[in-house]
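Colleague: One structure follows; several queries about it will come next.
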Amino acid sequence: MIEDRQADKTVIVRLRNFVGDVVLGIPALRLLERHGYRLQLIGKGWAPALLEAEGWSVQVRPKKLGDRVAQLKTLRREARARQPDFDRQANAIALPWSFSAALEMRLAGLKGVGYAHEARGWLLHRSVPMPAPGHALLNYWELACRFLGVDEPPPAEIGMTVSAAQREAAAQLLAQHRVDEPFLLICPFAGGTFEVLDKTWPRFADFVELASARGLRLVVCPGPGEEEAATRQYPKALSLPGVKLGVYAALLQRAALVVSNDTGPAHVAAAVGGRVLSVLGPTKPELWAPWGAQVDVQRQYPEWLGPEAVLARAEALLAGAAPSGGAWPFCMTPAA
C-alpha cells in the first residue's frame, strides 16, 4: 500500500538486463511505490511478462539509441502532463551501472539518479558513490533509499507476485503432461560467467541421471535457444519449452524443489517462495545467492560438488531438512 499519497508522482526506472537482476530489484521498486511513486519501467523484451502480475507499467527498450531517447522523451512528456513539477526534481533511476543508461536519460532531458560508475557522474542529476561490495539486492535497495532520502532495512523475502491466471496456466500445463507432484524443476542453463569463470555446474547431467534412477520426477523449462540442449543433455527430464516467464514463475513456486546453478530462474524461484537448492562454483553467494529463507546454498570450488552429494542434499530437503538459507542475512559460509 502506498504510504505517501502525493498526487501521481512518477519515476522512470531503467531495469537491468538480466532476469536475476530484475528480480533482485523488485524490493527497491516496491519501496518507491510505497512512497507514492507511479513506476514507469523500461527493460528487455521479457520484462513485461516477468513482472506482469506486479501491475506495473513496463515498456520494452528499443535497440537503437535514437529510439531509446525518443521513448524516454515520450515518457517524460506524459509524466509532465500528469505532474507539472515533474522536471523540478530527480525523476529517473538508472539501475544499470552502464554509461549508456545515464547518457540516454541525459539526452532525454531526465534528471537521473544512479551510481557513479564508468565516469558517468556528469550525466546524472545526482551521482551516488559506488557501494561497498555486497549483495546485488542491497545495491538496488540502497539506490532507491538514496533517491527517496530514507534509510529502511531491506525485506527478508522478495515476495514476487504470481497471479491466479499464471498458477492456473501452470497447473494446466502439468496436467497436460501428466506430471504428478512432487516434482523437481532443474535449471541447468547459466548465461554468462562470474569473473570470467564458467558458472555452469559440470555434473548436472549426472545428477539428473541419478535423480531419475531414484524415481524422482524431473522437469526442465528451456529458454529460447536452449531447447535442443535440454533434450540432448537431460533426456530423463520432461522438457517444457516456450513457457512464458510468468507461468514459469508459477511452476518454480509449485515445484517440490528447484535445483539450479547461478542463473536467473533460481532468483525467480526464491522470489516467489519456492524451495531452491543452489549449486554454486565460482559465484560468491554473498554477492549473488538467491534471496530468501527457503534457499539452500551448496558451494565448492575449484572442485565442484559431485552429483551424489547434491542428490543427498536434495533428498534431505525433500524429507523436511531445514534449508541453509540464501542471501544476506541468511548466507551460509561457503564450503571449503
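In the C-alpha cells, each chain is lettered A, B, ... as it comes, each chain's residues begin at 1, and ligands are numbered from 1 in order of appearance.
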Taking the chain letters and numbering used in this document, name the residues of segment 15-249 of chain A that DSSP puts in strand (DSSP E or B), as a PyMOL selection string.

Modeller: chain A and resi 37-43+57-60+92-94+112-115+126-128+184-187+193-194+197-198+218-220+238-239

Colleague: Give me, as CSV, each residue of segment 105-131 of chain A that comes within 9 Å of segment 143-164 of chain A, together with its shortest interatomic pair and the distance in Å at one decimal, counting only C-alpha atoms, with rows ordered by chain and rising residue number.

Modeller:
residue,atom,partner,partner_atom,distance
A:Val113,CA,A:Phe147,CA,6.8
A:Gly114,CA,A:Leu143,CA,7.0
A:Tyr115,CA,A:Leu143,CA,7.5
A:Arg126,CA,A:Phe147,CA,8.6
A:Val128,CA,A:Leu143,CA,7.5

Colleague: For the selection just defined, write its residues with all heavy atoms to a file, as a PDB file, in the first residue's frame.

Modeller:
ATOM      1  N   VAL A 113      19.175   9.511 -11.399  1.00  0.00           N
ATOM      2  CA  VAL A 113      19.949   9.168 -10.212  1.00  0.00           C
ATOM      3  C   VAL A 113      20.541   7.793 -10.443  1.00  0.00           C
ATOM      4  O   VAL A 113      19.855   6.871 -10.918  1.00  0.00           O
ATOM      5  CB  VAL A 113      19.070   9.172  -8.948  1.00  0.00           C
ATOM      6  CG1 VAL A 113      19.864   8.693  -7.731  1.00  0.00           C
ATOM      7  CG2 VAL A 113      18.499  10.559  -8.698  1.00  0.00           C
ATOM      8  N   GLY A 114      21.817   7.622 -10.147  1.00  0.00           N
ATOM      9  CA  GLY A 114      22.463   6.329 -10.332  1.00  0.00           C
ATOM     10  C   GLY A 114      23.815   6.313  -9.659  1.00  0.00           C
ATOM     11  O   GLY A 114      24.283   7.335  -9.138  1.00  0.00           O
ATOM     12  N   TYR A 115      24.439   5.159  -9.679  1.00  0.00           N
ATOM     13  CA  TYR A 115      25.751   5.013  -9.064  1.00  0.00           C
ATOM     14  C   TYR A 115      26.818   5.647  -9.957  1.00  0.00           C
ATOM     15  O   TYR A 115      26.734   5.603 -11.189  1.00  0.00           O
ATOM     16  CB  TYR A 115      26.078   3.548  -8.825  1.00  0.00           C
ATOM     17  CG  TYR A 115      25.369   2.960  -7.628  1.00  0.00           C
ATOM     18  CD1 TYR A 115      24.500   1.877  -7.752  1.00  0.00           C
ATOM     19  CD2 TYR A 115      25.572   3.484  -6.354  1.00  0.00           C
ATOM     20  CE1 TYR A 115      23.859   1.333  -6.658  1.00  0.00           C
ATOM     21  CE2 TYR A 115      24.930   2.953  -5.247  1.00  0.00           C
ATOM     22  CZ  TYR A 115      24.074   1.882  -5.405  1.00  0.00           C
ATOM     23  OH  TYR A 115      23.437   1.364  -4.307  1.00  0.00           O
ATOM     24  N   ARG A 126      21.976  13.304  -9.996  1.00  0.00           N
ATOM     25  CA  ARG A 126      22.558  13.002  -8.698  1.00  0.00           C
ATOM     26  C   ARG A 126      23.351  11.708  -8.823  1.00  0.00           C
ATOM     27  O   ARG A 126      22.800  10.666  -9.197  1.00  0.00           O
ATOM     28  CB  ARG A 126      21.493  12.866  -7.616  1.00  0.00           C
ATOM     29  CG  ARG A 126      22.071  12.866  -6.197  1.00  0.00           C
ATOM     30  CD  ARG A 126      21.020  12.487  -5.159  1.00  0.00           C
ATOM     31  NE  ARG A 126      19.750  13.131  -5.384  1.00  0.00           N
ATOM     32  CZ  ARG A 126      18.594  12.665  -4.908  1.00  0.00           C
ATOM     33  NH1 ARG A 126      18.588  11.534  -4.207  1.00  0.00           N
ATOM     34  NH2 ARG A 126      17.466  13.291  -5.147  1.00  0.00           N
ATOM     35  N   VAL A 128      25.435   8.817  -7.031  1.00  0.00           N
ATOM     36  CA  VAL A 128      25.594   8.163  -5.729  1.00  0.00           C
ATOM     37  C   VAL A 128      26.912   7.398  -5.726  1.00  0.00           C
ATOM     38  O   VAL A 128      27.193   6.651  -6.668  1.00  0.00           O
ATOM     39  CB  VAL A 128      24.415   7.207  -5.455  1.00  0.00           C
ATOM     40  CG1 VAL A 128      24.609   6.477  -4.134  1.00  0.00           C
ATOM     41  CG2 VAL A 128      23.091   7.972  -5.476  1.00  0.00           C
TER      42      VAL A 128
END

Colleague: Give one line per residue of segment 142-258 of chain A that approaches segment 289-307 of chain A to at most 8 Å, naming the two atoms of the closest pair and their distance in Å to one decimal, counting only C-alpha atoms; sort by chain then ascending residue number and deliver it as a tab-separated table.

Modeller:
residue	atom	partner	partner_atom	distance
A:Ala156	CA	A:Gly292	CA	6.4
A:Glu157	CA	A:Gly292	CA	5.2
A:Ile158	CA	A:Gly292	CA	7.2
A:Trp201	CA	A:Trp304	CA	7.1
A:Pro202	CA	A:Trp304	CA	7.8
A:Arg203	CA	A:Pro307	CA	6.1
A:Phe204	CA	A:Pro307	CA	7.1
A:Asp206	CA	A:Pro307	CA	6.1
A:Phe207	CA	A:Pro307	CA	4.6
A:Leu210	CA	A:Pro307	CA	7.6

Colleague: Find the spatial neighbours of Ala229 of chain A, counting only C-alpha atoms, within a cut-off of 10 Å - ignore same-chain residues fewer than 6 positions away - and output them as JSON, numbers by chain.

Modeller: {"A": [189, 222, 235]}

Colleague: What is the atom CA of Phe183 of chain A to atom CA of Leu257 of chain A distance in Å?

Modeller: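 Going from atom CA of Phe183 of chain A over to atom CA of Leu257 of chain A, I get 7.1 Å.
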
Colleague: Can you check which parts of segment 70-145 of chain A lie within 12 Å of segment 19-24 of chain A? Per residue, the shortest pair of atoms and distance in Å to one decimal, counting only C-alpha atoms, sorted by chain and number, as CSV.

Modeller:
residue,atom,partner,partner_atom,distance
A:Leu95,CA,A:Val22,CA,9.2
A:Pro96,CA,A:Asp21,CA,9.4
A:Trp97,CA,A:Asp21,CA,11.9
A:His135,CA,A:Leu24,CA,9.4
A:Ala136,CA,A:Leu24,CA,6.9
A:Leu137,CA,A:Leu24,CA,4.9
A:Leu138,CA,A:Leu24,CA,8.6
A:Asn139,CA,A:Leu24,CA,9.4
A:Tyr140,CA,A:Leu24,CA,7.7
A:Trp141,CA,A:Leu24,CA,8.9

Colleague: Put those residues in a file: all heavy atoms, as a compact mmCIF listing (two decimals), in the first residue's frame.

Modeller:
# COMPACT_ATOMS: atom_id res chain seq x y z
N LEU A 95 19.19 1.78 -12.80
CA LEU A 95 19.69 0.64 -12.04
C LEU A 95 20.95 0.04 -12.67
O LEU A 95 21.84 -0.39 -11.94
CB LEU A 95 18.60 -0.42 -11.89
CG LEU A 95 17.41 -0.04 -11.01
CD1 LEU A 95 16.40 -1.18 -10.94
CD2 LEU A 95 17.87 0.33 -9.61
N PRO A 96 21.07 0.01 -14.01
CA PRO A 96 22.34 -0.45 -14.58
C PRO A 96 23.47 0.52 -14.26
O PRO A 96 23.25 1.72 -14.09
CB PRO A 96 22.06 -0.49 -16.08
CG PRO A 96 20.57 -0.50 -16.22
CD PRO A 96 20.06 0.27 -15.05
N TRP A 97 24.68 0.00 -14.23
CA TRP A 97 25.85 0.83 -13.97
C TRP A 97 26.48 1.34 -15.26
O TRP A 97 27.52 1.99 -15.23
CB TRP A 97 26.89 0.02 -13.19
CG TRP A 97 26.45 -0.39 -11.82
CD1 TRP A 97 25.25 -0.11 -11.23
CD2 TRP A 97 27.20 -1.14 -10.87
NE1 TRP A 97 25.21 -0.65 -9.97
CE2 TRP A 97 26.40 -1.29 -9.72
CE3 TRP A 97 28.47 -1.70 -10.88
CZ2 TRP A 97 26.84 -1.97 -8.58
CZ3 TRP A 97 28.90 -2.39 -9.76
CH2 TRP A 97 28.09 -2.52 -8.62
N HIS A 135 25.67 -7.77 -1.57
CA HIS A 135 24.70 -8.46 -2.41
C HIS A 135 24.02 -7.49 -3.37
O HIS A 135 23.75 -6.33 -3.03
CB HIS A 135 23.66 -9.16 -1.54
CG HIS A 135 22.88 -10.20 -2.28
ND1 HIS A 135 21.77 -9.90 -3.03
CD2 HIS A 135 23.07 -11.54 -2.42
CE1 HIS A 135 21.30 -11.00 -3.59
NE2 HIS A 135 22.08 -12.01 -3.24
N ALA A 136 23.70 -7.98 -4.57
CA ALA A 136 23.11 -7.13 -5.60
C ALA A 136 21.79 -6.52 -5.13
O ALA A 136 21.50 -5.36 -5.43
CB ALA A 136 22.91 -7.93 -6.87
N LEU A 137 20.98 -7.29 -4.42
CA LEU A 137 19.71 -6.75 -3.94
C LEU A 137 19.93 -5.52 -3.07
O LEU A 137 19.20 -4.53 -3.15
CB LEU A 137 18.91 -7.81 -3.19
CG LEU A 137 17.52 -7.41 -2.71
CD1 LEU A 137 16.55 -8.57 -2.78
CD2 LEU A 137 17.52 -6.84 -1.29
N LEU A 138 20.97 -5.57 -2.24
CA LEU A 138 21.26 -4.44 -1.37
C LEU A 138 21.71 -3.23 -2.17
O LEU A 138 21.41 -2.08 -1.79
CB LEU A 138 22.34 -4.82 -0.35
CG LEU A 138 22.00 -5.98 0.59
CD1 LEU A 138 23.16 -6.25 1.53
CD2 LEU A 138 20.74 -5.68 1.37
N ASN A 139 22.42 -3.43 -3.28
CA ASN A 139 22.83 -2.32 -4.13
C ASN A 139 21.62 -1.58 -4.69
O ASN A 139 21.56 -0.34 -4.68
CB ASN A 139 23.70 -2.82 -5.28
CG ASN A 139 25.03 -3.37 -4.80
OD1 ASN A 139 25.48 -3.07 -3.71
ND2 ASN A 139 25.66 -4.20 -5.62
N TYR A 140 20.64 -2.34 -5.20
CA TYR A 140 19.45 -1.71 -5.77
C TYR A 140 18.61 -1.06 -4.67
O TYR A 140 18.06 0.02 -4.86
CB TYR A 140 18.62 -2.76 -6.53
CG TYR A 140 19.43 -3.57 -7.51
CD1 TYR A 140 19.19 -4.93 -7.68
CD2 TYR A 140 20.46 -2.98 -8.24
CE1 TYR A 140 19.94 -5.68 -8.58
CE2 TYR A 140 21.22 -3.73 -9.13
CZ TYR A 140 20.95 -5.07 -9.29
OH TYR A 140 21.71 -5.81 -10.17
N TRP A 141 18.53 -1.73 -3.54
CA TRP A 141 17.77 -1.19 -2.41
C TRP A 141 18.37 0.13 -1.93
O TRP A 141 17.64 1.11 -1.69
CB TRP A 141 17.75 -2.21 -1.27
CG TRP A 141 17.02 -1.75 -0.05
CD1 TRP A 141 17.53 -1.16 1.06
CD2 TRP A 141 15.60 -1.86 0.18
NE1 TRP A 141 16.54 -0.88 1.97
CE2 TRP A 141 15.35 -1.30 1.45
CE3 TRP A 141 14.53 -2.36 -0.56
CZ2 TRP A 141 14.06 -1.24 2.00
CZ3 TRP A 141 13.25 -2.30 -0.02
CH2 TRP A 141 13.03 -1.74 1.24

Colleague: May I have the residues within 10 Å of Leu251 of chain A as a ChimeraX atom specification, using only C-alpha atoms and disregarding those fewer than 2 positions away in the same chain?

Modeller: /A:166-167,169-171,173-174,185,219,221,243,245-249,253-256,258,269,274

Colleague: For atom CA of Ala266 of chain A and atom CA of Leu280 of chain A, determine how far apart the two atoms are, in Å to one decimal place.

Modeller: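 Rounded to one decimal, the two atoms are 11.3 Å apart.
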
Colleague: Which residues come within 8 Å of Arg14 of chain A, counting only C-alpha atoms, excluding same-chain residues fewer than 2 positions away, as a list of chain:residue names?

Modeller: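 That gives A:Ile12, A:Arg16, A:Leu41, A:Ile42, A:Gly43, A:Ala92, A:Ile93, A:Ala94, A:Leu95, A:Pro96, A:Ala101.
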
Colleague: What's around Val58 of chain A at 10 Å? Count only C-alpha atoms, leave out sequence neighbours fewer than 2 positions away in its own chain, and write the answer as a ChimeraX atom specification.

Modeller: /A:13-15,39-52,55-56,60-61

Colleague: Now that the selection is made, can you save its residues with N, CA, C and O atoms as a CSV table (one decimal), in the first residue's frame?

Modeller:
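Output (again31.csv):
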chain,number,residue,atom,x,y,z
A,13,VAL,N,12.2,4.3,-14.4
A,13,VAL,CA,13.3,3.4,-14.0
A,13,VAL,C,13.8,2.5,-15.1
A,13,VAL,O,13.0,1.8,-15.7
A,14,ARG,N,15.0,2.6,-15.4
A,14,ARG,CA,15.7,1.7,-16.3
A,14,ARG,C,16.1,0.4,-15.6
A,14,ARG,O,16.9,0.5,-14.7
A,15,LEU,N,15.5,-0.7,-15.9
A,15,LEU,CA,15.8,-2.0,-15.3
A,15,LEU,C,17.2,-2.5,-15.9
A,15,LEU,O,17.6,-2.1,-16.9
A,39,LEU,N,5.4,3.9,-11.1
A,39,LEU,CA,6.6,3.4,-11.8
A,39,LEU,C,6.4,3.3,-13.3
A,39,LEU,O,5.4,2.7,-13.7
A,40,GLN,N,7.3,3.8,-14.0
A,40,GLN,CA,7.4,3.6,-15.5
A,40,GLN,C,8.7,2.9,-15.7
A,40,GLN,O,9.8,3.5,-15.7
A,41,LEU,N,8.6,1.6,-16.0
A,41,LEU,CA,9.8,0.8,-16.1
A,41,LEU,C,10.1,0.5,-17.6
A,41,LEU,O,9.3,0.4,-18.4
A,42,ILE,N,11.4,0.4,-17.8
A,42,ILE,CA,11.9,0.1,-19.1
A,42,ILE,C,12.9,-1.1,-19.0
A,42,ILE,O,13.8,-1.0,-18.2
A,43,GLY,N,12.7,-2.1,-19.8
A,43,GLY,CA,13.6,-3.3,-19.7
A,43,GLY,C,13.6,-4.1,-21.0
A,43,GLY,O,13.2,-3.6,-22.1
A,44,LYS,N,14.2,-5.3,-20.9
A,44,LYS,CA,14.3,-6.2,-22.0
A,44,LYS,C,13.0,-6.7,-22.5
A,44,LYS,O,12.0,-6.5,-21.8
A,45,GLY,N,13.0,-7.4,-23.6
A,45,GLY,CA,11.7,-7.9,-24.2
A,45,GLY,C,10.9,-8.8,-23.3
A,45,GLY,O,9.7,-8.9,-23.4
A,46,TRP,N,11.6,-9.5,-22.4
A,46,TRP,CA,11.0,-10.5,-21.5
A,46,TRP,C,10.5,-9.8,-20.2
A,46,TRP,O,9.7,-10.4,-19.4
A,47,ALA,N,10.8,-8.5,-19.9
A,47,ALA,CA,10.5,-7.9,-18.7
A,47,ALA,C,9.0,-7.7,-18.4
A,47,ALA,O,8.5,-8.0,-17.3
A,48,PRO,N,8.2,-7.4,-19.4
A,48,PRO,CA,6.7,-7.3,-19.2
A,48,PRO,C,6.1,-8.6,-18.7
A,48,PRO,O,5.3,-8.6,-17.8
A,49,ALA,N,6.5,-9.7,-19.3
A,49,ALA,CA,6.0,-11.0,-18.9
A,49,ALA,C,6.4,-11.3,-17.5
A,49,ALA,O,5.6,-11.9,-16.7
A,50,LEU,N,7.7,-11.1,-17.2
A,50,LEU,CA,8.2,-11.4,-15.9
A,50,LEU,C,7.5,-10.6,-14.8
A,50,LEU,O,7.2,-11.2,-13.7
A,51,LEU,N,7.2,-9.4,-15.0
A,51,LEU,CA,6.6,-8.5,-14.0
A,51,LEU,C,5.1,-8.3,-14.2
A,51,LEU,O,4.5,-7.4,-13.5
A,52,GLU,N,4.5,-9.1,-15.0
A,52,GLU,CA,3.1,-8.9,-15.4
A,52,GLU,C,2.2,-8.9,-14.1
A,52,GLU,O,1.3,-8.0,-14.0
A,55,GLY,N,1.6,-5.5,-11.8
A,55,GLY,CA,0.7,-4.4,-12.1
A,55,GLY,C,1.4,-3.2,-12.5
A,55,GLY,O,0.8,-2.1,-12.5
A,56,TRP,N,2.7,-3.2,-12.8
A,56,TRP,CA,3.5,-2.0,-13.2
A,56,TRP,C,3.5,-1.8,-14.7
A,56,TRP,O,3.4,-2.8,-15.4
A,60,VAL,N,9.3,-2.1,-23.4
A,60,VAL,CA,10.5,-2.8,-23.9
A,60,VAL,C,11.4,-1.7,-24.4
A,60,VAL,O,11.0,-0.8,-25.2
A,61,ARG,N,12.7,-1.8,-24.1
A,61,ARG,CA,13.7,-0.8,-24.5
A,61,ARG,C,14.1,-1.1,-26.0
A,61,ARG,O,14.5,-2.2,-26.3

Colleague: Which residue gives the smallest distance to Gly66 of chain A among A:Ile186, A:Met105, A:Ala165, A:Ala28, with only C-alpha atoms counted?

Modeller: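 Among A:Ile186, A:Met105, A:Ala165, A:Ala28, it is A:Met105 that comes nearest to Gly66 of chain A.
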
Colleague: Between A:Ala250, A:Leu197, A:Val179, A:Leu240, which residue has the minimum interatomic distance to Arg217 of chain A, considering only C-alpha atoms?

Modeller: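 Using only C-alpha atoms, Arg217 of chain A sits closest to A:Val179.
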
Colleague: Using only C-alpha atoms, pick whichever of A:Gln89, A:Thr10, A:Asn261, A:Gln83 has the shortest atom-to-atom distance to Ala190 of chain A.

Modeller: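 Closest candidate: A:Asn261.
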
Colleague: Go through segment 142-333 of chain A and collect every residue that DSSP, computed from the backbone, puts in alpha helix (DSSP H); the answer should be as a ChimeraX atom specification.

Modeller: /A:142-148,164-176,204-213,227-233,245-254,264-271,285-288,307-318

Colleague: Using atom CA of Val69 of chain A and atom CA of Ala108 of chain A as the two end points, give the distance in Å to one decimal.

Modeller: 5.4 Å

Colleague: From the set A:Asp8, A:Gly191, A:Glu315, A:Ile26, which residue has the shortest atom-to-atom contact distance to Ala81 of chain A, counting only C-alpha atoms?

Modeller: A:Asp8

Colleague: Compile the contact shell of Glu118 of chain A as number ranges by chain: residues with an atom at most 10 Å away, counting only C-alpha atoms, same-chain residues fewer than 6 positions apart removed.

Modeller: A: 97-100
